[in-house]
Structure formats: C-alpha cells, structure tokens
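Reproduced below: entry_0.csv, with CSV, C-alpha atoms and all ligand atoms.
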```
chain,number,residue,atom,x,y,z
A,1,MET,CA,0.0,0.0,0.0
A,2,ALA,CA,1.1,3.5,-0.7
A,3,TYR,CA,2.5,5.6,2.1
A,4,ALA,CA,0.1,8.3,3.3
A,5,LEU,CA,3.0,10.7,2.8
A,6,GLU,CA,6.4,10.2,1.2
A,7,ILE,CA,8.9,12.9,1.1
A,8,LYS,CA,11.9,12.0,-1.0
A,9,ASP,CA,15.1,14.0,-0.7
A,10,ILE,CA,13.6,17.5,-0.9
A,11,HIS,CA,15.8,20.6,-1.0
A,12,LYS,CA,14.8,24.2,-0.7
A,13,THR,CA,16.9,27.3,-0.7
A,14,PHE,CA,15.3,30.7,-0.4
A,15,ASN,CA,16.7,33.7,-2.2
A,16,LYS,CA,19.2,31.7,-4.1
A,17,GLY,CA,22.3,33.5,-5.3
A,18,THR,CA,21.6,36.6,-3.2
A,19,ILE,CA,23.1,37.9,0.0
A,20,ASN,CA,20.0,36.6,1.8
A,21,GLU,CA,20.4,33.0,0.5
A,22,LYS,CA,19.1,30.6,3.1
A,23,VAL,CA,19.2,26.8,2.8
A,24,ALA,CA,16.1,25.7,4.6
A,25,LEU,CA,15.8,22.1,3.6
A,26,ASP,CA,18.8,20.0,2.6
A,27,GLY,CA,17.7,16.6,1.7
A,28,VAL,CA,14.7,15.7,3.8
A,29,ASN,CA,13.2,12.2,3.7
A,30,LEU,CA,10.2,10.9,5.4
A,31,GLN,CA,7.6,8.2,5.1
A,32,LEU,CA,4.4,8.2,7.0
A,33,ASN,CA,2.0,5.3,7.1
A,34,GLU,CA,-1.7,5.8,7.2
A,35,GLY,CA,-2.7,6.8,10.7
A,36,ASP,CA,0.7,8.0,11.7
A,37,PHE,CA,0.6,11.0,13.9
A,38,VAL,CA,4.1,12.5,14.0
A,39,THR,CA,5.1,15.4,16.2
A,40,ILE,CA,8.0,17.6,15.0
A,41,ILE,CA,10.2,19.6,17.3
A,42,GLY,CA,13.3,21.7,16.7
A,43,GLY,CA,14.9,25.1,17.1
A,44,ASN,CA,13.7,28.3,15.4
A,45,GLY,CA,14.5,28.4,11.7
A,46,ALA,CA,15.3,24.6,11.6
A,47,GLY,CA,12.9,24.1,8.6
A,48,LYS,CA,9.8,22.7,10.3
A,49,SER,CA,7.3,25.1,8.7
A,50,THR,CA,9.2,24.9,5.4
A,51,THR,CA,8.7,21.2,5.4
A,52,LEU,CA,4.9,21.6,6.0
A,53,ASN,CA,4.8,24.3,3.3
A,54,ALA,CA,6.6,22.1,0.9
A,55,VAL,CA,4.0,19.4,1.4
A,56,ALA,CA,1.2,21.9,1.0
A,57,GLY,CA,2.8,23.4,-2.2
A,58,VAL,CA,3.1,27.0,-1.0
A,59,TRP,CA,6.0,27.3,-3.4
A,60,PRO,CA,7.9,24.6,-5.5
A,61,VAL,CA,10.8,22.7,-4.0
A,62,ASP,CA,14.1,22.9,-5.7
A,63,SER,CA,14.5,19.1,-6.0
A,64,GLY,CA,13.0,15.9,-4.6
A,65,SER,CA,9.5,14.7,-4.6
A,66,ILE,CA,6.4,14.7,-2.5
A,67,ILE,CA,3.8,11.9,-2.8
A,68,ILE,CA,0.5,12.0,-0.9
A,69,GLY,CA,-1.4,8.8,-0.7
A,70,GLY,CA,0.3,7.5,-3.8
A,71,ASN,CA,-0.2,10.7,-5.8
A,72,ASP,CA,2.9,12.6,-6.8
A,73,VAL,CA,2.0,16.2,-6.1
A,74,THR,CA,5.4,17.7,-6.5
A,75,GLY,CA,4.4,19.6,-9.6
A,76,LEU,CA,1.0,20.6,-8.4
A,77,PRO,CA,0.2,24.2,-7.2
A,78,GLU,CA,-1.1,24.8,-3.7
A,79,HIS,CA,-4.8,24.9,-4.7
A,80,LYS,CA,-4.6,21.6,-6.4
A,81,ARG,CA,-3.2,19.9,-3.4
A,82,ALA,CA,-5.7,21.4,-1.0
A,83,LYS,CA,-8.1,18.5,-1.4
A,84,PHE,CA,-5.6,16.2,0.2
A,85,LEU,CA,-4.8,18.4,3.1
A,86,GLY,CA,-6.2,20.0,6.3
A,87,ARG,CA,-4.1,22.7,7.8
A,88,VAL,CA,-4.2,24.7,11.0
A,89,PHE,CA,-1.7,27.5,11.6
A,90,GLN,CA,-0.4,29.3,14.7
A,91,ASP,CA,-2.4,32.4,14.1
A,92,PRO,CA,-6.1,31.7,15.0
A,93,MET,CA,-7.1,34.4,12.5
A,94,THR,CA,-5.9,32.5,9.5
A,95,GLY,CA,-8.1,29.5,9.4
A,96,THR,CA,-11.5,31.0,9.4
A,97,ALA,CA,-13.3,34.0,7.9
A,98,ALA,CA,-14.0,36.5,10.8
A,99,THR,CA,-16.9,38.2,9.1
A,100,MET,CA,-18.7,35.0,8.4
A,101,SER,CA,-20.7,33.0,10.9
A,102,ILE,CA,-19.6,29.6,12.3
A,103,ASP,CA,-22.1,27.7,10.1
A,104,GLU,CA,-21.0,29.5,7.0
A,105,ASN,CA,-17.4,28.8,7.7
A,106,MET,CA,-18.1,25.2,8.2
A,107,ALA,CA,-20.3,25.0,5.1
A,108,LEU,CA,-17.4,26.3,3.0
A,109,ALA,CA,-15.1,23.7,4.5
A,110,ALA,CA,-17.6,20.9,4.0
A,111,ARG,CA,-18.1,21.8,0.4
A,112,ARG,CA,-14.4,22.1,-0.3
A,113,GLY,CA,-13.6,20.7,-3.7
A,114,LYS,CA,-17.3,20.8,-4.6
A,115,LYS,CA,-19.1,23.8,-5.9
A,116,ARG,CA,-17.8,26.4,-3.5
A,117,THR,CA,-20.6,28.8,-3.1
A,118,LEU,CA,-23.0,29.9,-0.4
A,119,LYS,CA,-25.5,31.3,-2.8
A,120,TRP,CA,-28.2,29.1,-1.5
A,121,GLY,CA,-27.1,29.5,2.1
A,122,VAL,CA,-26.5,26.8,4.7
A,123,THR,CA,-29.0,24.0,4.5
A,124,LYS,CA,-31.0,22.7,7.4
A,125,ALA,CA,-29.4,19.3,7.2
A,126,GLU,CA,-25.9,20.9,7.2
A,127,ARG,CA,-26.8,23.0,10.2
A,128,GLU,CA,-27.9,20.0,12.2
A,129,TYR,CA,-24.7,18.2,11.2
A,130,PHE,CA,-22.5,21.1,12.2
A,131,LYS,CA,-24.3,21.5,15.5
A,132,GLU,CA,-23.6,17.9,16.3
A,133,LYS,CA,-20.0,18.3,15.4
A,134,LEU,CA,-19.7,21.4,17.5
A,135,ARG,CA,-21.3,19.8,20.4
A,136,GLU,CA,-18.5,17.3,20.4
A,137,LEU,CA,-16.0,20.1,21.0
A,138,ASP,CA,-17.8,20.8,24.3
A,139,LEU,CA,-17.2,24.5,24.1
A,140,GLY,CA,-20.8,25.5,23.9
A,141,LEU,CA,-20.5,26.6,20.3
A,142,GLU,CA,-23.4,24.4,19.1
A,143,ASP,CA,-25.7,27.2,20.4
A,144,ARG,CA,-23.8,29.9,18.5
A,145,LEU,CA,-24.0,28.6,14.9
A,146,THR,CA,-24.9,32.0,13.5
A,147,SER,CA,-22.3,34.0,15.5
A,148,LYS,CA,-19.6,35.7,13.5
A,149,VAL,CA,-16.3,33.8,14.0
A,150,GLY,CA,-14.6,37.1,14.7
A,151,LEU,CA,-16.4,37.1,18.0
A,152,LEU,CA,-14.8,33.9,19.2
A,153,SER,CA,-11.8,33.5,21.4
A,154,GLY,CA,-8.5,32.4,19.9
A,155,GLY,CA,-8.9,28.9,21.3
A,156,GLN,CA,-12.5,28.6,20.1
A,157,ARG,CA,-11.4,29.7,16.6
A,158,GLN,CA,-8.6,27.1,16.6
A,159,ALA,CA,-11.1,24.4,17.7
A,160,VAL,CA,-13.5,25.4,14.8
A,161,THR,CA,-10.6,25.5,12.4
A,162,LEU,CA,-9.6,22.0,13.4
A,163,LEU,CA,-13.1,20.8,13.0
A,164,MET,CA,-13.3,22.4,9.6
A,165,ALA,CA,-10.0,20.8,8.6
A,166,SER,CA,-11.3,17.4,9.4
A,167,LEU,CA,-14.8,17.7,7.9
A,168,GLN,CA,-13.7,16.2,4.6
A,169,LYS,CA,-11.2,13.7,6.1
A,170,PRO,CA,-8.0,14.9,4.5
A,171,GLU,CA,-5.3,12.5,3.6
A,172,LEU,CA,-3.0,14.5,5.8
A,173,LEU,CA,-3.6,17.0,8.6
A,174,LEU,CA,-0.8,19.6,9.0
A,175,LEU,CA,-0.7,21.5,12.3
A,176,ASP,CA,2.0,24.1,12.5
A,177,GLU,CA,2.3,25.3,16.2
A,178,HIS,CA,-1.4,25.6,16.2
A,179,THR,CA,-1.5,26.1,20.0
A,180,ALA,CA,1.5,28.4,20.4
A,181,ALA,CA,-0.6,31.6,20.5
A,182,LEU,CA,-3.0,30.3,23.1
A,183,ASP,CA,-2.8,30.5,26.9
A,184,PRO,CA,-1.6,27.2,28.5
A,185,LYS,CA,-5.0,26.0,29.6
A,186,THR,CA,-6.6,26.7,26.2
A,187,ALA,CA,-3.6,25.2,24.4
A,188,ALA,CA,-4.0,22.0,26.4
A,189,LYS,CA,-7.7,21.9,25.5
A,190,VAL,CA,-7.1,22.4,21.8
A,191,LEU,CA,-4.4,19.7,21.9
A,192,GLU,CA,-6.8,17.4,23.5
A,193,LEU,CA,-9.3,18.1,20.8
A,194,SER,CA,-6.6,17.6,18.1
A,195,ASP,CA,-6.0,14.1,19.5
A,196,LYS,CA,-9.6,13.3,19.6
A,197,ILE,CA,-10.3,14.5,16.0
A,198,ILE,CA,-7.2,12.7,14.7
A,199,GLU,CA,-8.1,9.5,16.4
A,200,GLU,CA,-11.8,9.5,15.6
A,201,ASN,CA,-11.3,10.3,11.9
A,202,HIS,CA,-8.2,8.0,11.7
A,203,LEU,CA,-6.2,10.8,10.2
A,204,THR,CA,-2.6,10.9,9.3
A,205,ALA,CA,-1.1,14.0,10.9
A,206,MET,CA,2.0,16.1,11.3
A,207,MET,CA,2.2,18.5,14.3
A,208,VAL,CA,4.9,21.0,14.8
A,209,THR,CA,5.3,22.2,18.4
A,210,HIS,CA,8.0,23.9,20.3
A,211,ASN,CA,7.0,22.2,23.5
A,212,MET,CA,9.0,19.0,24.2
A,213,LYS,CA,6.4,17.7,26.6
A,214,ASP,CA,3.7,18.0,24.0
A,215,ALA,CA,5.9,16.4,21.3
A,216,ILE,CA,6.4,13.4,23.5
A,217,ALA,CA,2.9,13.1,24.8
A,218,HIS,CA,1.1,13.2,21.5
A,219,GLY,CA,1.3,11.1,18.4
A,220,ASN,CA,3.2,7.9,17.7
A,221,ARG,CA,6.4,9.3,16.2
A,222,LEU,CA,8.6,12.1,17.0
A,223,ILE,CA,10.9,13.9,14.7
A,224,MET,CA,13.6,16.3,15.8
A,225,TYR,CA,15.0,19.0,13.6
A,226,ARG,CA,18.5,20.2,14.4
A,227,ALA,CA,19.1,23.7,13.2
A,228,LYS,CA,22.8,23.7,13.1
A,229,LYS,CA,23.2,20.4,11.3
A,230,ARG,CA,20.8,21.2,8.6
A,231,ARG,CA,20.8,17.6,7.5
A,232,ILE,CA,17.8,17.1,9.5
A,233,PHE,CA,16.2,14.0,10.7
A,234,THR,CA,16.7,11.9,13.7
A,235,TYR,CA,13.4,10.4,14.2
A,236,ARG,CA,12.2,7.6,16.3
A,237,THR,CA,9.1,5.9,17.5
A,238,CYS,CA,8.1,7.4,20.8
A,239,LEU,CA,9.0,5.4,23.8
A,240,PRO,CA,5.8,4.4,25.5
A,241,SER,CA,7.4,5.0,28.9
A,242,LEU,CA,8.0,8.6,28.0
A,243,ARG,CA,4.4,9.2,27.1
A,244,LYS,CA,2.2,10.6,29.8
A,245,PRO,CA,-1.4,11.7,29.8
A,246,VAL,CA,-1.9,15.4,29.1
A,247,GLY,CA,-4.8,17.0,31.0
A,248,GLU,CA,-7.3,15.1,33.0
A,249,ASN,CA,-9.4,13.7,30.2
A,250,SER,CA,-6.9,12.3,27.9
A,251,GLN,CA,-5.4,8.9,27.9
A,252,THR,CA,-2.3,7.4,26.4
A,253,THR,CA,-3.0,5.0,23.6
A,254,GLU,CA,-0.3,2.5,22.8
A,301,LIG,N1,9.3,32.4,2.5
A,301,LIG,C1,10.6,32.5,2.9
A,301,LIG,N2,11.5,33.3,2.4
A,301,LIG,C2,12.7,33.4,2.8
A,301,LIG,N3,13.2,32.6,3.8
A,301,LIG,C3,12.4,31.8,4.4
A,301,LIG,C4,11.0,31.6,4.0
A,301,LIG,N4,10.5,30.7,4.8
A,301,LIG,C5,11.4,30.2,5.6
A,301,LIG,N5,12.6,30.9,5.4
A,301,LIG,C6,13.9,30.6,6.1
A,301,LIG,O1,14.1,29.2,6.1
A,301,LIG,C7,14.6,28.8,7.3
A,301,LIG,C8,13.6,27.8,7.9
A,301,LIG,O2,12.5,28.4,8.3
A,301,LIG,P1,11.2,27.7,9.0
A,301,LIG,O3,10.9,26.5,8.2
A,301,LIG,O4,10.1,28.7,9.0
A,301,LIG,O5,11.7,27.3,10.4
A,301,LIG,P2,10.9,26.8,11.6
A,301,LIG,O6,11.6,25.5,12.0
A,301,LIG,O7,11.1,27.7,12.8
A,301,LIG,O8,9.5,26.6,11.3
A,301,LIG,C9,14.7,30.0,8.2
A,301,LIG,O9,16.0,30.5,8.1
A,301,LIG,C10,13.8,31.0,7.5
A,301,LIG,O10,14.2,32.3,7.7
A,302,MG,MG,7.8,27.5,12.0
```
Show me the file's structure as structure tokens.
Amino acid sequence: MAYALEIKDIHKTFNKGTINEKVALDGVNLQLNEGDFVTIIGGNGAGKSTTLNAVAGVWPVDSGSIIIGGNDVTGLPEHKRAKFLGRVFQDPMTGTAATMSIDENMALAARRGKKRTLKWGVTKAEREYFKEKLRELDLGLEDRLTSKVGLLSGGQRQAVTLLMASLQKPELLLLDEHTAALDPKTAAKVLELSDKIIEENHLTAMMVTHNMKDAIAHGNRLIMYRAKKRRIFTYRTCLPSLRKPVGENSQTTE
C-alpha cells in the first residue's frame, strides 16, 4: 500500500544567489504510514514550517518529490493539493473568515472541492450536522452557529478550524504550532481536541510544536530537527514509557 506521505530528498533554498540566501531544507526524507501522527520539534529556523509548506505546495521545492497517498503532487500548485490536506496554523485568525458565521465557515469547509458557493445558504441538514460536530467540542459553540467567527476567542477559533480541517477527512492534517498563540489552559484543551479529532477520523497528521512535553505526549512518532546540522532527521518511535497523559481527560494510547 502507498504511504500516506512520502517525502523524497527535498531541497529548498530561499533567495538563491543573493546575500539573503538561506538553505532551509537540505535533503529531507520521510515516510508516513496511514494513521501515523508525527510530532515535530526543533529550534527556530530549523525548517519545520518549510517542510509543511513544501508538502502543501506553498512554493515549489528545488528538487526531490512529495507523494501524498500515492499521488505525486510535486508539480501541483497549492490549490490543487488542497483537497488532500487539512491545515491549522499558529495564528487563530488565518483558518476562518472572521466576518462569516460559524455555520457559513463550516459549510465552506464541508463543500471544499465541490461547488464552493454559499449562494443558497446553509441547508438545514448541514446546520444539524455542524451542530452535532460542534457539540463534540464541548465549548458551547453548538448554540452559536450564526455568531460571527470574529467574536470567538483564539482557542474557540482554533477548535473550529480543526473541525473544519477534518470535515472532509483529509489524507493528511498539517498542524503548525497551532496552539502556540494560546494560553496554556486553552492550548491543552485544543491539543486534547486535536488528539480526539485525529483518532476518531483515523487521520494521518504532522504536528509542529516547540513544547517538548507535548511532542512526547502526542502522536506515535517524534521527529527532531536540528538547526545547526541542517541535514535534519533523527526520528524515532516514541518510547511508551516517555508518554504521559496530558490533561485530565486524555489517555495514552499505545
Ligand atoms: N518564505 C521564505 N522566504 C525566505 N526565507 C524563508 C522563508 N520561509 C522560511 N525561510 C527561512 O528558512 C529557514 C527555515 O524556516 P522555517 O521552516 O520557518 O523554520 P521553523 O523550523 O522555525 O518553522 C529560516 O532560516 C527562515 O528564515
Ligand atoms: Mg515554524
């Protein structure tokens, strides 16, 4: 069976040939099986976001290839890869449209890849479905379907973004420090939700974090990026003995 994600020897240098030249990725290789949930940790500027951006096709890589679920997407622009991916970024503002309501945001996510219009509004059936999904977040958002997303807290927005990213069961969920801008309690809650959504939907996921504890406690694999030695990967399967429950409600799954 094809890997959920295969990264083959990708290289990326920004501003090549200028004084600002920066080698960001220097031969990165990675294979993820379906259902793998890998956490990525490493110093600032080590190339973590660049790796996720390379997978998402934010710009072309210089060499190497990226294969998602058996599809070679290396030559595809970002919008053509979007159907394979769910993404949540650090900034809670980026994943949702502030001036639109929760149900409108969710409807757009649910219709991704289909006819992407809200001309006929959100249907009753959709609304019921969204309500059910929001109830599972346990943040009281199921009663605020028509509230503008801009009125939500950062944590609530990240939770809604996560939900939206999973509505269409992407081949791969990319989380780039998606709790870094939240206070510790909210961050823990959003991480717990991330675990739940990944597990319940059997998603394959990559999560960048700068928190070593979180990197160890979540997922089934951990990758460490070393900034100085750019030739990146030391990765290993998490040692079960290192994994501890995070928060009161979560459990370790071995
Ligand atoms: N769009 C860009 N333009 C120029 N340089 C970039 C760009 N994106 C990342 N870089 C550089 O590439 C290196 C890796 O960055 P990044 O992947 O964002 O690191 P991090 O591990 O902190 O997420 C850094 O030196 C960064 O400055
Ligand atoms: Mg980054």
Item to check | Best match for closeness to Val190 in chain A among A:Gln158, A:Ser49, A:Ser101, A:Gln90, counting all atoms listed in the file | outcome: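 Looking at the shortest contact to Val190 in chain A, the residue is A:Gln158.
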Next on the checklist: Please list as a PyMOL selection string every residue within 12 Å of Gly121 in chain A, counting all atoms listed in the file and excluding residues in the same chain fewer than 4 positions away.
Outcome noted: chain A and resi 100-101+103-108+111+116-117+125-127+146
Item to check | Residue nearest Asp9 in chain A among A:Met93, A:Leu172, A:Ile66, A:Ala109 (counting only C-alpha atoms) | outcome: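 Result for the nearest residue to Asp9 in chain A: A:Ile66.
Nearest to Ile67 in chain A of all the residues A:Arg226, A:Arg144, A:Lys189, A:Arg81 is A:Arg81, counting all atoms listed in the file.
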Item to check | Near-ligand residues for ligand MG 302 (chain A), threshold 10 Å, only C-alpha atoms and all ligand atoms, as a list in words | outcome: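 My answer, listing the contacting residues, is Ile41, Gly42, Gly43, Asn44, Gly45, Ala46, Gly47, Lys48, Ser49, Thr50, Thr51, Leu52, Asn53, Phe89, Gln90, Asp176, Glu177, Val208, Thr209 and His210 of chain A.
Atom pair CA of Ala110 in chain A / CA of Ala54 in chain A: separated by 24.4 Å.
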Checklist entry - Closest to Asn33 in chain A among A:Asn20, A:Ser153, A:Thr204, A:Thr94, using only C-alpha atoms? => result A:Thr204
Checklist entry - Got a sec: who's within 8 Å of Ser63 in chain A, counting all atoms listed in the file, leaving out chain neighbours fewer than 5 positions off, as JSON, numbers by chain? => result {"A": [9, 10, 11, 12]}
Export C-alpha atoms of the chosen residues as a CSV table (one decimal), in the frame of the given file?
```csv
chain,number,residue,atom,x,y,z
A,9,ASP,CA,15.1,14.0,-0.7
A,10,ILE,CA,13.6,17.5,-0.9
A,11,HIS,CA,15.8,20.6,-1.0
A,12,LYS,CA,14.8,24.2,-0.7
```
Checklist entry - What does the distance from CA of Lys148 in chain A to CA of Asp195 in chain A come to in Å, to one decimal? => result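 Computed distance, CA of Lys148 in chain A to CA of Asp195 in chain A, equals 26.2 Å.
Pairwise distance (atom O9 of ligand LIG 301 (chain A), CA of Val58 in chain A) equals 16.2 Å.
Residues with any atom within 12 Å of Asp138 in chain A, counting all atoms listed in the file and excluding same-chain neighbours fewer than 3 positions away, are Lys131, Glu132, Lys133, Leu134, Arg135, Leu141, Glu142, Asp143, Gln156, Ala159, Val160, Lys189, Val190, Glu192 and Leu193 of chain A.
Distances here use only C-alpha atoms and all ligand atoms; by that measure, the residue among A:Gly140, A:Gly95, A:Pro170, A:Pro60 closest to ligand LIG 301 (chain A) is A:Pro60.
Nearest residue to ligand LIG 301 (chain A) among A:Val23, A:Met206, A:Leu167, A:Ile198 is A:Val23, counting only C-alpha atoms and all ligand atoms.
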